[in-house]
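Q: Once you've had a glance at the structure underneath, I'll fire off some questions.
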Amino acid sequence: MDHGVWTFVRGADRLEISREDLDDGTVLAIAGDGEPRSYFFREADRLETFQKDMETLLLKTGWSFVSYAPDKRAGSDRRGWPRRSNDRRRWWTDGTRSKRAKAGTLGTETAKTEKAEKAEKADREDRSRTSEK
């Protein structure tokens, strides 16, 4: 199986992580400015866990992921016309409300959800007042 190379940088330092399949397992090779290191794994799940933990450690210690090669995406953008902006997120996926939603011009479903949330909050407040008595 053809594996790629994960590249991380921190300042002027560069680190490349790659895999090599062998008959009895896989080697995870780490090359950077210092001496290259390699780790042998017989089981793929242990390799995955080790690499995931290593990448998490790198990110938490100031390293940045910069590339994965080869980029296996084929072809060009399927759109014939460019997007209005390069931001592909939509208000329903990014956790924030759009200007339209704030202005109240969104569909009735959003308004129903907000009304239901307000009603639920009022109901909880009523129940807490009742239980205090």
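We name chains A, B, ... following the order of the structure tokens; residues begin at 1 in each chain, and ligands are numbered from 1 as shown.
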Pick out each residue of range 3-76 of chain A that DSSP on the backbone tags as strand (DSSP E); I need them as a PyMOL selection string.
A: chain A and resi 5-10+13-22+25-31+37-41+64-69
Q: Quick one: of A:Ala116, A:Ile17, A:Ala31, A:Val9, who's nearest to Thr61 in chain A, counting only C-alpha atoms?
A: A:Val9
Q: Taking only C-alpha atoms into account, which of A:Gly62, A:Gly32, A:Pro70, A:Gly4 comes nearest Glu16 in chain A?
A: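 Checking each candidate against Glu16 in chain A, we get A:Gly32 as the closest.
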Q: Which is closest to Phe41 in chain A among A:Asp53, A:Asp23, A:Glu117, A:Asp123, if we use only C-alpha atoms?
A: A:Asp23
Q: Find the distance between CA of Gly11 in chain A and CA of Leu58 in chain A and write it in Å to one decimal.
A: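 Computing it gives 12.8 Å between the two atoms.
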Q: If we count only C-alpha atoms, what is near Ala29 in chain A at a cut-off of 10 Å, once residues fewer than 5 positions away on the same chain are taken out, given as a list in words?
A: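 Counting only C-alpha atoms, the residues come to Val5, Glu16, Ile17, Ser18, Arg19, Glu20, Pro36, Arg37, Ser38, Tyr39 and Phe40 of chain A.
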